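*Asks:* My structure is stored as my_file.txt, with compact mmCIF, N, CA and C atoms.
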```
# COMPACT_ATOMS: atom_id res chain seq x y z
N MET H 633 35.16 85.34 -5.94
CA MET H 633 34.82 85.80 -7.27
C MET H 633 33.46 85.21 -7.64
N ARG H 634 32.65 86.00 -8.26
CA ARG H 634 31.30 85.56 -8.63
C ARG H 634 31.31 84.84 -9.98
N SER H 635 30.40 83.90 -10.12
CA SER H 635 30.31 83.14 -11.37
C SER H 635 29.90 84.05 -12.54
N LYS H 636 29.09 85.06 -12.26
CA LYS H 636 28.67 85.97 -13.32
C LYS H 636 29.87 86.69 -13.93
N TYR H 637 30.85 87.04 -13.09
CA TYR H 637 32.06 87.69 -13.57
C TYR H 637 32.85 86.75 -14.48
N ILE H 638 32.97 85.49 -14.08
CA ILE H 638 33.72 84.51 -14.88
C ILE H 638 33.05 84.30 -16.23
N ILE H 639 31.73 84.13 -16.24
CA ILE H 639 30.99 83.91 -17.48
C ILE H 639 31.12 85.12 -18.39
N ARG H 640 30.98 86.31 -17.83
CA ARG H 640 31.09 87.54 -18.62
C ARG H 640 32.48 87.69 -19.21
N ARG H 641 33.50 87.34 -18.43
CA ARG H 641 34.90 87.44 -18.88
C ARG H 641 35.16 86.49 -20.04
N VAL H 642 34.65 85.26 -19.94
CA VAL H 642 34.82 84.28 -21.02
C VAL H 642 34.13 84.79 -22.29
N GLU H 643 32.95 85.33 -22.16
CA GLU H 643 32.22 85.83 -23.33
C GLU H 643 32.92 87.02 -23.97
N ARG H 644 33.51 87.90 -23.17
CA ARG H 644 34.22 89.06 -23.72
C ARG H 644 35.48 88.64 -24.48
N LEU H 645 36.07 87.53 -24.09
CA LEU H 645 37.28 87.04 -24.76
C LEU H 645 36.96 86.16 -25.96
N GLY H 646 35.70 86.01 -26.29
CA GLY H 646 35.32 85.24 -27.47
C GLY H 646 34.79 83.86 -27.18
N GLY H 647 34.65 83.50 -25.91
CA GLY H 647 34.09 82.21 -25.54
C GLY H 647 32.58 82.23 -25.61
N ARG H 648 31.98 81.10 -25.33
CA ARG H 648 30.52 81.04 -25.39
C ARG H 648 29.98 80.03 -24.39
N VAL H 649 28.70 80.15 -24.11
CA VAL H 649 28.00 79.20 -23.26
C VAL H 649 27.61 78.01 -24.12
N VAL H 650 28.03 76.82 -23.72
CA VAL H 650 27.73 75.61 -24.47
C VAL H 650 26.39 75.05 -24.02
N ALA H 651 26.19 74.94 -22.73
CA ALA H 651 24.95 74.41 -22.17
C ALA H 651 24.66 75.12 -20.86
N LYS H 652 23.41 75.51 -20.69
CA LYS H 652 23.00 76.15 -19.45
C LYS H 652 21.69 75.53 -19.01
N ALA H 653 21.71 74.89 -17.89
CA ALA H 653 20.48 74.29 -17.35
C ALA H 653 19.65 75.39 -16.71
N GLY H 654 18.36 75.34 -16.89
CA GLY H 654 17.48 76.36 -16.35
C GLY H 654 17.58 76.51 -14.85
N LYS H 655 17.47 75.41 -14.14
CA LYS H 655 17.56 75.46 -12.69
C LYS H 655 18.79 74.72 -12.20
N GLY H 656 19.70 74.42 -13.07
CA GLY H 656 20.91 73.69 -12.70
C GLY H 656 21.88 74.56 -11.92
N SER H 657 22.91 73.93 -11.41
CA SER H 657 23.86 74.65 -10.58
C SER H 657 25.17 74.92 -11.31
N HIS H 658 25.29 74.58 -12.59
CA HIS H 658 26.52 74.79 -13.34
C HIS H 658 26.21 75.29 -14.75
N THR H 659 27.19 75.98 -15.34
CA THR H 659 27.11 76.43 -16.72
C THR H 659 28.34 75.91 -17.44
N LYS H 660 28.15 75.30 -18.60
CA LYS H 660 29.27 74.79 -19.38
C LYS H 660 29.71 75.86 -20.36
N MET H 661 31.03 76.15 -20.37
CA MET H 661 31.60 77.19 -21.20
C MET H 661 32.65 76.60 -22.13
N ALA H 662 32.87 77.24 -23.27
CA ALA H 662 33.92 76.83 -24.21
C ALA H 662 34.60 78.07 -24.74
N CYS H 663 35.87 77.92 -25.13
CA CYS H 663 36.58 79.04 -25.75
C CYS H 663 36.10 79.18 -27.19
N GLY H 664 36.59 80.16 -27.91
CA GLY H 664 36.13 80.45 -29.26
C GLY H 664 36.31 79.30 -30.23
N CYS H 665 37.38 78.53 -30.09
CA CYS H 665 37.63 77.41 -31.01
C CYS H 665 36.91 76.14 -30.60
N SER H 666 36.27 76.14 -29.46
CA SER H 666 35.52 75.00 -28.91
C SER H 666 36.36 73.77 -28.61
N THR H 667 37.67 73.93 -28.58
CA THR H 667 38.55 72.81 -28.24
C THR H 667 38.64 72.64 -26.73
N TYR H 668 38.68 73.75 -26.02
CA TYR H 668 38.84 73.71 -24.56
C TYR H 668 37.53 74.10 -23.91
N LYS H 669 37.07 73.26 -22.98
CA LYS H 669 35.78 73.48 -22.32
C LYS H 669 35.95 73.34 -20.81
N THR H 670 35.05 73.96 -20.07
CA THR H 670 35.06 73.87 -18.62
C THR H 670 33.65 74.10 -18.09
N THR H 671 33.47 73.84 -16.82
CA THR H 671 32.20 74.03 -16.15
C THR H 671 32.35 75.09 -15.07
N VAL H 672 31.42 76.03 -15.03
CA VAL H 672 31.44 77.11 -14.05
C VAL H 672 30.25 76.92 -13.11
N PRO H 673 30.50 76.79 -11.80
CA PRO H 673 29.37 76.66 -10.87
C PRO H 673 28.65 77.99 -10.72
N LYS H 674 27.33 77.93 -10.58
CA LYS H 674 26.54 79.14 -10.34
C LYS H 674 26.56 79.41 -8.84
N ASP H 675 27.40 80.34 -8.45
CA ASP H 675 27.55 80.62 -7.04
C ASP H 675 28.02 82.07 -6.88
N ASP H 676 27.63 82.69 -5.78
CA ASP H 676 28.07 84.06 -5.52
C ASP H 676 29.53 84.11 -5.11
N ASN H 677 30.04 83.02 -4.57
CA ASN H 677 31.42 82.99 -4.10
C ASN H 677 32.06 81.69 -4.57
N VAL H 678 32.69 81.72 -5.75
CA VAL H 678 33.36 80.55 -6.29
C VAL H 678 34.70 80.40 -5.56
N HIS H 679 35.00 79.20 -5.12
CA HIS H 679 36.22 78.93 -4.37
C HIS H 679 37.45 79.29 -5.21
N PRO H 680 38.49 79.88 -4.60
CA PRO H 680 39.69 80.26 -5.34
C PRO H 680 40.34 79.11 -6.12
N LYS H 681 40.32 77.90 -5.57
CA LYS H 681 40.91 76.76 -6.28
C LYS H 681 40.07 76.39 -7.50
N THR H 682 38.75 76.58 -7.42
CA THR H 682 37.89 76.34 -8.57
C THR H 682 38.16 77.39 -9.65
N CYS H 683 38.35 78.64 -9.25
CA CYS H 683 38.68 79.70 -10.20
C CYS H 683 39.99 79.39 -10.92
N LYS H 684 40.98 78.93 -10.17
CA LYS H 684 42.27 78.57 -10.76
C LYS H 684 42.12 77.42 -11.75
N SER H 685 41.29 76.44 -11.42
CA SER H 685 41.04 75.32 -12.30
C SER H 685 40.38 75.76 -13.60
N ILE H 686 39.42 76.67 -13.51
CA ILE H 686 38.75 77.21 -14.70
C ILE H 686 39.76 77.98 -15.55
N GLU H 687 40.59 78.77 -14.88
CA GLU H 687 41.60 79.56 -15.59
C GLU H 687 42.60 78.65 -16.34
N ILE H 688 43.02 77.58 -15.70
CA ILE H 688 43.96 76.64 -16.32
C ILE H 688 43.30 75.92 -17.50
N ALA H 689 42.03 75.57 -17.36
CA ALA H 689 41.33 74.83 -18.41
C ALA H 689 41.22 75.62 -19.70
N LEU H 690 41.06 76.94 -19.61
CA LEU H 690 40.89 77.77 -20.81
C LEU H 690 42.14 78.58 -21.17
N ALA H 691 43.22 78.40 -20.41
CA ALA H 691 44.46 79.14 -20.67
C ALA H 691 45.07 78.88 -22.04
N PRO H 692 45.01 77.67 -22.60
CA PRO H 692 45.59 77.48 -23.93
C PRO H 692 44.95 78.37 -25.00
N CYS H 693 43.71 78.74 -24.81
CA CYS H 693 43.01 79.58 -25.79
C CYS H 693 43.11 81.07 -25.45
N PHE H 694 42.97 81.43 -24.18
CA PHE H 694 42.94 82.83 -23.77
C PHE H 694 44.28 83.36 -23.25
N GLY H 695 45.22 82.49 -22.93
CA GLY H 695 46.51 82.90 -22.39
C GLY H 695 46.53 82.85 -20.87
N ASP H 696 47.73 82.86 -20.33
CA ASP H 696 47.90 82.80 -18.87
C ASP H 696 47.38 84.07 -18.21
N GLY H 697 46.71 83.93 -17.09
CA GLY H 697 46.22 85.06 -16.33
C GLY H 697 45.01 85.76 -16.95
N TRP H 698 44.29 85.10 -17.82
CA TRP H 698 43.16 85.74 -18.50
C TRP H 698 42.03 86.10 -17.55
N LEU H 699 41.86 85.32 -16.49
CA LEU H 699 40.73 85.55 -15.59
C LEU H 699 40.93 86.81 -14.76
N LYS H 700 42.11 87.05 -14.28
CA LYS H 700 42.37 88.21 -13.44
C LYS H 700 42.85 89.41 -14.24
N GLY H 701 43.05 89.24 -15.53
CA GLY H 701 43.56 90.32 -16.37
C GLY H 701 42.64 91.51 -16.51
N GLY H 702 41.34 91.29 -16.39
CA GLY H 702 40.39 92.37 -16.58
C GLY H 702 40.00 93.09 -15.32
N ARG H 703 40.52 92.69 -14.19
CA ARG H 703 40.14 93.32 -12.93
C ARG H 703 40.83 94.60 -12.70
```
Would you mind writing the structure in this file as structure tokens?
*Replies:*
Amino acid sequence: MRSKYIIRRVERLGGRVVAKAGKGSHTKMACGCSTYKTTVPKDDNVHPKTCKSIEIALAPCFGDGWLKGGR
């Protein structure tokens, strides 16, 4: 799964980018209430375990299965 897809999915669900380094390798994301935050690596192929970790980190705000729900 691409990082662009994850970032776009978070933004469509009401999340936002908290910090984005210009040449950095990660993007910090938060859900709409800003209580739950996570880091998304900038990569064309994010490891499945990393995707699961991102999904778990934001699940209290977006619900279970939010990452794969839009596919």
*Asks:* Would you please give, as a PyMOL selection string, all residues of chain H that DSSP assigns to strand (DSSP E) based on the backbone?
*Replies:* chain H and resi 648-652+658-662+669-673
*Asks:* Would you mind listing what lies within 8 Å of Val642 in chain H as number ranges by chain, with only N, CA and C atoms counted and same-chain residues fewer than 4 positions away left out?
*Replies:* H: 636-638, 646-649, 661-664, 698-699
*Asks:* Report as JSON, numbers by chain all protein, DNA and RNA residues lying within 6 Å of range 677-689 of chain H, evaluated on only C-alpha atoms, omitting residues in the same chain fewer than 2 positions from it.
*Replies:* {"H": [633, 634, 675, 691]}
*Asks:* Would you mind reading off the distance between atom N of Pro673 in chain H and atom C of His658 in chain H, one decimal, in Å?
*Replies:*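 Value for the atom N of Pro673 in chain H-atom C of His658 in chain H distance: 5.4 Å.
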*Asks:* Between atom C of Gly697 in chain H and atom C of Val650 in chain H, measure the distance and give it in Å to one decimal.
*Replies:*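 Calculated distance between atom C of Gly697 in chain H and atom C of Val650 in chain H is 22.6 Å.
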*Asks:* One number please: atom N of Gly695 in chain H to atom N of Thr659 in chain H, in Å, one decimal.
*Replies:*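 Between atom N of Gly695 in chain H and atom N of Thr659 in chain H the gap is 20.6 Å.
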*Asks:* Padding 4 Å on each side, edges along x, y and z: where is the centre of the box around the listed atoms of range 676-690 of chain H, and how long are its edges in Å to one decimal? Output it as lines of an AutoDock Vina configuration file.
*Replies:*
```
center_x = 35.8
center_y = 79.5
center_z = -12.6
size_x = 24.3
size_y = 17.3
size_z = 25.1
```
*Asks:* Considering only alpha helix (DSSP H) as DSSP defines it on the backbone, what residues of chain H qualify? List them as a PyMOL selection string.
*Replies:* chain H and resi 635-644+680-694
*Asks:* Could you write out the selected residues, including N, CA and C atoms, as a PDB file, keeping the file's coordinate frame?
*Replies:*
```
ATOM      1  N   SER H 635      30.400  83.900 -10.120  1.00  0.00           N
ATOM      2  CA  SER H 635      30.310  83.140 -11.370  1.00  0.00           C
ATOM      3  C   SER H 635      29.900  84.050 -12.540  1.00  0.00           C
ATOM      4  N   LYS H 636      29.090  85.060 -12.260  1.00  0.00           N
ATOM      5  CA  LYS H 636      28.670  85.970 -13.320  1.00  0.00           C
ATOM      6  C   LYS H 636      29.870  86.690 -13.930  1.00  0.00           C
ATOM      7  N   TYR H 637      30.850  87.040 -13.090  1.00  0.00           N
ATOM      8  CA  TYR H 637      32.060  87.690 -13.570  1.00  0.00           C
ATOM      9  C   TYR H 637      32.850  86.750 -14.480  1.00  0.00           C
ATOM     10  N   ILE H 638      32.970  85.490 -14.080  1.00  0.00           N
ATOM     11  CA  ILE H 638      33.720  84.510 -14.880  1.00  0.00           C
ATOM     12  C   ILE H 638      33.050  84.300 -16.230  1.00  0.00           C
ATOM     13  N   ILE H 639      31.730  84.130 -16.240  1.00  0.00           N
ATOM     14  CA  ILE H 639      30.990  83.910 -17.480  1.00  0.00           C
ATOM     15  C   ILE H 639      31.120  85.120 -18.390  1.00  0.00           C
ATOM     16  N   ARG H 640      30.980  86.310 -17.830  1.00  0.00           N
ATOM     17  CA  ARG H 640      31.090  87.540 -18.620  1.00  0.00           C
ATOM     18  C   ARG H 640      32.480  87.690 -19.210  1.00  0.00           C
ATOM     19  N   ARG H 641      33.500  87.340 -18.430  1.00  0.00           N
ATOM     20  CA  ARG H 641      34.900  87.440 -18.880  1.00  0.00           C
ATOM     21  C   ARG H 641      35.160  86.490 -20.040  1.00  0.00           C
ATOM     22  N   VAL H 642      34.650  85.260 -19.940  1.00  0.00           N
ATOM     23  CA  VAL H 642      34.820  84.280 -21.020  1.00  0.00           C
ATOM     24  C   VAL H 642      34.130  84.790 -22.290  1.00  0.00           C
ATOM     25  N   GLU H 643      32.950  85.330 -22.160  1.00  0.00           N
ATOM     26  CA  GLU H 643      32.220  85.830 -23.330  1.00  0.00           C
ATOM     27  C   GLU H 643      32.920  87.020 -23.970  1.00  0.00           C
ATOM     28  N   ARG H 644      33.510  87.900 -23.170  1.00  0.00           N
ATOM     29  CA  ARG H 644      34.220  89.060 -23.720  1.00  0.00           C
ATOM     30  C   ARG H 644      35.480  88.640 -24.480  1.00  0.00           C
ATOM     31  N   PRO H 680      38.490  79.880  -4.600  1.00  0.00           N
ATOM     32  CA  PRO H 680      39.690  80.260  -5.340  1.00  0.00           C
ATOM     33  C   PRO H 680      40.340  79.110  -6.120  1.00  0.00           C
ATOM     34  N   LYS H 681      40.320  77.900  -5.570  1.00  0.00           N
ATOM     35  CA  LYS H 681      40.910  76.760  -6.280  1.00  0.00           C
ATOM     36  C   LYS H 681      40.070  76.390  -7.500  1.00  0.00           C
ATOM     37  N   THR H 682      38.750  76.580  -7.420  1.00  0.00           N
ATOM     38  CA  THR H 682      37.890  76.340  -8.570  1.00  0.00           C
ATOM     39  C   THR H 682      38.160  77.390  -9.650  1.00  0.00           C
ATOM     40  N   CYS H 683      38.350  78.640  -9.250  1.00  0.00           N
ATOM     41  CA  CYS H 683      38.680  79.700 -10.200  1.00  0.00           C
ATOM     42  C   CYS H 683      39.990  79.390 -10.920  1.00  0.00           C
ATOM     43  N   LYS H 684      40.980  78.930 -10.170  1.00  0.00           N
ATOM     44  CA  LYS H 684      42.270  78.570 -10.760  1.00  0.00           C
ATOM     45  C   LYS H 684      42.120  77.420 -11.750  1.00  0.00           C
ATOM     46  N   SER H 685      41.290  76.440 -11.420  1.00  0.00           N
ATOM     47  CA  SER H 685      41.040  75.320 -12.300  1.00  0.00           C
ATOM     48  C   SER H 685      40.380  75.760 -13.600  1.00  0.00           C
ATOM     49  N   ILE H 686      39.420  76.670 -13.510  1.00  0.00           N
ATOM     50  CA  ILE H 686      38.750  77.210 -14.700  1.00  0.00           C
ATOM     51  C   ILE H 686      39.760  77.980 -15.550  1.00  0.00           C
ATOM     52  N   GLU H 687      40.590  78.770 -14.880  1.00  0.00           N
ATOM     53  CA  GLU H 687      41.600  79.560 -15.590  1.00  0.00           C
ATOM     54  C   GLU H 687      42.600  78.650 -16.340  1.00  0.00           C
ATOM     55  N   ILE H 688      43.020  77.580 -15.700  1.00  0.00           N
ATOM     56  CA  ILE H 688      43.960  76.640 -16.320  1.00  0.00           C
ATOM     57  C   ILE H 688      43.300  75.920 -17.500  1.00  0.00           C
ATOM     58  N   ALA H 689      42.030  75.570 -17.360  1.00  0.00           N
ATOM     59  CA  ALA H 689      41.330  74.830 -18.410  1.00  0.00           C
ATOM     60  C   ALA H 689      41.220  75.620 -19.700  1.00  0.00           C
ATOM     61  N   LEU H 690      41.060  76.940 -19.610  1.00  0.00           N
ATOM     62  CA  LEU H 690      40.890  77.770 -20.810  1.00  0.00           C
ATOM     63  C   LEU H 690      42.140  78.580 -21.170  1.00  0.00           C
ATOM     64  N   ALA H 691      43.220  78.400 -20.410  1.00  0.00           N
ATOM     65  CA  ALA H 691      44.460  79.140 -20.670  1.00  0.00           C
ATOM     66  C   ALA H 691      45.070  78.880 -22.040  1.00  0.00           C
ATOM     67  N   PRO H 692      45.010  77.670 -22.600  1.00  0.00           N
ATOM     68  CA  PRO H 692      45.590  77.480 -23.930  1.00  0.00           C
ATOM     69  C   PRO H 692      44.950  78.370 -25.000  1.00  0.00           C
ATOM     70  N   CYS H 693      43.710  78.740 -24.810  1.00  0.00           N
ATOM     71  CA  CYS H 693      43.010  79.580 -25.790  1.00  0.00           C
ATOM     72  C   CYS H 693      43.110  81.070 -25.450  1.00  0.00           C
ATOM     73  N   PHE H 694      42.970  81.430 -24.180  1.00  0.00           N
ATOM     74  CA  PHE H 694      42.940  82.830 -23.770  1.00  0.00           C
ATOM     75  C   PHE H 694      44.280  83.360 -23.250  1.00  0.00           C
TER      76      PHE H 694
END
```
*Asks:* With all atoms listed in the file as the basis for distance, which of H:Lys700, H:Arg640, H:Val672, H:Leu645 is at the shortest distance from Ser657 in chain H?
*Replies:*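 The answer is H:Val672, which sits nearest to Ser657 in chain H.
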*Asks:* From the set H:Lys655, H:Asp676, H:Ile639, H:Thr670, which residue has the shortest atom-to-atom contact distance to Leu690 in chain H, counting all atoms listed in the file?
*Replies:*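 Among the listed residues, the smallest separation from Leu690 in chain H belongs to H:Thr670.
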*Asks:* Output range 681-692 of chain H as a PDB file, keeping the file's coordinate frame, making sure all heavy atoms are there.
*Replies:*
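Contents of rebuild_5.pdb, freshly written:
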```pdb
ATOM      1  N   LYS H 681      40.320  77.900  -5.570  1.00  0.00           N
ATOM      2  CA  LYS H 681      40.910  76.760  -6.280  1.00  0.00           C
ATOM      3  C   LYS H 681      40.070  76.390  -7.500  1.00  0.00           C
ATOM      4  O   LYS H 681      40.606  75.959  -8.514  1.00  0.00           O
ATOM      5  CB  LYS H 681      41.052  75.568  -5.344  1.00  0.00           C
ATOM      6  CG  LYS H 681      42.142  75.765  -4.317  1.00  0.00           C
ATOM      7  CD  LYS H 681      42.357  74.527  -3.473  1.00  0.00           C
ATOM      8  CE  LYS H 681      43.473  74.751  -2.473  1.00  0.00           C
ATOM      9  NZ  LYS H 681      43.725  73.569  -1.654  1.00  0.00           N
ATOM     10  N   THR H 682      38.750  76.580  -7.420  1.00  0.00           N
ATOM     11  CA  THR H 682      37.890  76.340  -8.570  1.00  0.00           C
ATOM     12  C   THR H 682      38.160  77.390  -9.650  1.00  0.00           C
ATOM     13  O   THR H 682      38.212  77.065 -10.832  1.00  0.00           O
ATOM     14  CB  THR H 682      36.413  76.376  -8.148  1.00  0.00           C
ATOM     15  OG1 THR H 682      36.211  75.430  -7.095  1.00  0.00           O
ATOM     16  CG2 THR H 682      35.493  76.033  -9.302  1.00  0.00           C
ATOM     17  N   CYS H 683      38.350  78.640  -9.250  1.00  0.00           N
ATOM     18  CA  CYS H 683      38.680  79.700 -10.200  1.00  0.00           C
ATOM     19  C   CYS H 683      39.990  79.390 -10.920  1.00  0.00           C
ATOM     20  O   CYS H 683      40.099  79.572 -12.133  1.00  0.00           O
ATOM     21  CB  CYS H 683      38.794  81.048  -9.490  1.00  0.00           C
ATOM     22  SG  CYS H 683      37.244  81.701  -8.888  1.00  0.00           S
ATOM     23  N   LYS H 684      40.980  78.930 -10.170  1.00  0.00           N
ATOM     24  CA  LYS H 684      42.270  78.570 -10.760  1.00  0.00           C
ATOM     25  C   LYS H 684      42.120  77.420 -11.750  1.00  0.00           C
ATOM     26  O   LYS H 684      42.731  77.423 -12.817  1.00  0.00           O
ATOM     27  CB  LYS H 684      43.269  78.213  -9.656  1.00  0.00           C
ATOM     28  CG  LYS H 684      44.665  78.001 -10.144  1.00  0.00           C
ATOM     29  CD  LYS H 684      45.250  79.285 -10.695  1.00  0.00           C
ATOM     30  CE  LYS H 684      46.691  79.083 -11.102  1.00  0.00           C
ATOM     31  NZ  LYS H 684      47.225  80.245 -11.797  1.00  0.00           N
ATOM     32  N   SER H 685      41.290  76.440 -11.420  1.00  0.00           N
ATOM     33  CA  SER H 685      41.040  75.320 -12.300  1.00  0.00           C
ATOM     34  C   SER H 685      40.380  75.760 -13.600  1.00  0.00           C
ATOM     35  O   SER H 685      40.741  75.300 -14.697  1.00  0.00           O
ATOM     36  CB  SER H 685      40.176  74.283 -11.593  1.00  0.00           C
ATOM     37  OG  SER H 685      39.851  73.237 -12.451  1.00  0.00           O
ATOM     38  N   ILE H 686      39.420  76.670 -13.510  1.00  0.00           N
ATOM     39  CA  ILE H 686      38.750  77.210 -14.700  1.00  0.00           C
ATOM     40  C   ILE H 686      39.760  77.980 -15.550  1.00  0.00           C
ATOM     41  O   ILE H 686      39.792  77.857 -16.776  1.00  0.00           O
ATOM     42  CB  ILE H 686      37.564  78.109 -14.287  1.00  0.00           C
ATOM     43  CG1 ILE H 686      36.472  77.268 -13.627  1.00  0.00           C
ATOM     44  CG2 ILE H 686      37.015  78.887 -15.472  1.00  0.00           C
ATOM     45  CD1 ILE H 686      35.409  78.074 -12.924  1.00  0.00           C
ATOM     46  N   GLU H 687      40.590  78.770 -14.880  1.00  0.00           N
ATOM     47  CA  GLU H 687      41.600  79.560 -15.590  1.00  0.00           C
ATOM     48  C   GLU H 687      42.600  78.650 -16.340  1.00  0.00           C
ATOM     49  O   GLU H 687      42.934  78.905 -17.496  1.00  0.00           O
ATOM     50  CB  GLU H 687      42.342  80.444 -14.600  1.00  0.00           C
ATOM     51  CG  GLU H 687      43.310  81.394 -15.239  1.00  0.00           C
ATOM     52  CD  GLU H 687      43.916  82.369 -14.247  1.00  0.00           C
ATOM     53  OE1 GLU H 687      43.817  82.133 -13.025  1.00  0.00           O
ATOM     54  OE2 GLU H 687      44.501  83.359 -14.690  1.00  0.00           O
ATOM     55  N   ILE H 688      43.020  77.580 -15.700  1.00  0.00           N
ATOM     56  CA  ILE H 688      43.960  76.640 -16.320  1.00  0.00           C
ATOM     57  C   ILE H 688      43.300  75.920 -17.500  1.00  0.00           C
ATOM     58  O   ILE H 688      43.935  75.693 -18.528  1.00  0.00           O
ATOM     59  CB  ILE H 688      44.481  75.645 -15.272  1.00  0.00           C
ATOM     60  CG1 ILE H 688      45.414  76.365 -14.298  1.00  0.00           C
ATOM     61  CG2 ILE H 688      45.196  74.471 -15.924  1.00  0.00           C
ATOM     62  CD1 ILE H 688      45.807  75.539 -13.086  1.00  0.00           C
ATOM     63  N   ALA H 689      42.030  75.570 -17.360  1.00  0.00           N
ATOM     64  CA  ALA H 689      41.330  74.830 -18.410  1.00  0.00           C
ATOM     65  C   ALA H 689      41.220  75.620 -19.700  1.00  0.00           C
ATOM     66  O   ALA H 689      41.293  75.058 -20.795  1.00  0.00           O
ATOM     67  CB  ALA H 689      39.943  74.413 -17.932  1.00  0.00           C
ATOM     68  N   LEU H 690      41.060  76.940 -19.610  1.00  0.00           N
ATOM     69  CA  LEU H 690      40.890  77.770 -20.810  1.00  0.00           C
ATOM     70  C   LEU H 690      42.140  78.580 -21.170  1.00  0.00           C
ATOM     71  O   LEU H 690      42.123  79.340 -22.127  1.00  0.00           O
ATOM     72  CB  LEU H 690      39.688  78.703 -20.635  1.00  0.00           C
ATOM     73  CG  LEU H 690      38.338  78.017 -20.459  1.00  0.00           C
ATOM     74  CD1 LEU H 690      37.239  79.047 -20.243  1.00  0.00           C
ATOM     75  CD2 LEU H 690      38.011  77.132 -21.648  1.00  0.00           C
ATOM     76  N   ALA H 691      43.220  78.400 -20.410  1.00  0.00           N
ATOM     77  CA  ALA H 691      44.460  79.140 -20.670  1.00  0.00           C
ATOM     78  C   ALA H 691      45.070  78.880 -22.040  1.00  0.00           C
ATOM     79  O   ALA H 691      45.622  79.808 -22.634  1.00  0.00           O
ATOM     80  CB  ALA H 691      45.479  78.848 -19.567  1.00  0.00           C
ATOM     81  N   PRO H 692      45.010  77.670 -22.600  1.00  0.00           N
ATOM     82  CA  PRO H 692      45.590  77.480 -23.930  1.00  0.00           C
ATOM     83  C   PRO H 692      44.950  78.370 -25.000  1.00  0.00           C
ATOM     84  O   PRO H 692      45.594  78.744 -25.979  1.00  0.00           O
ATOM     85  CB  PRO H 692      45.324  76.003 -24.239  1.00  0.00           C
ATOM     86  CG  PRO H 692      45.212  75.356 -22.911  1.00  0.00           C
ATOM     87  CD  PRO H 692      44.578  76.385 -22.024  1.00  0.00           C
TER      88      PRO H 692
END
```
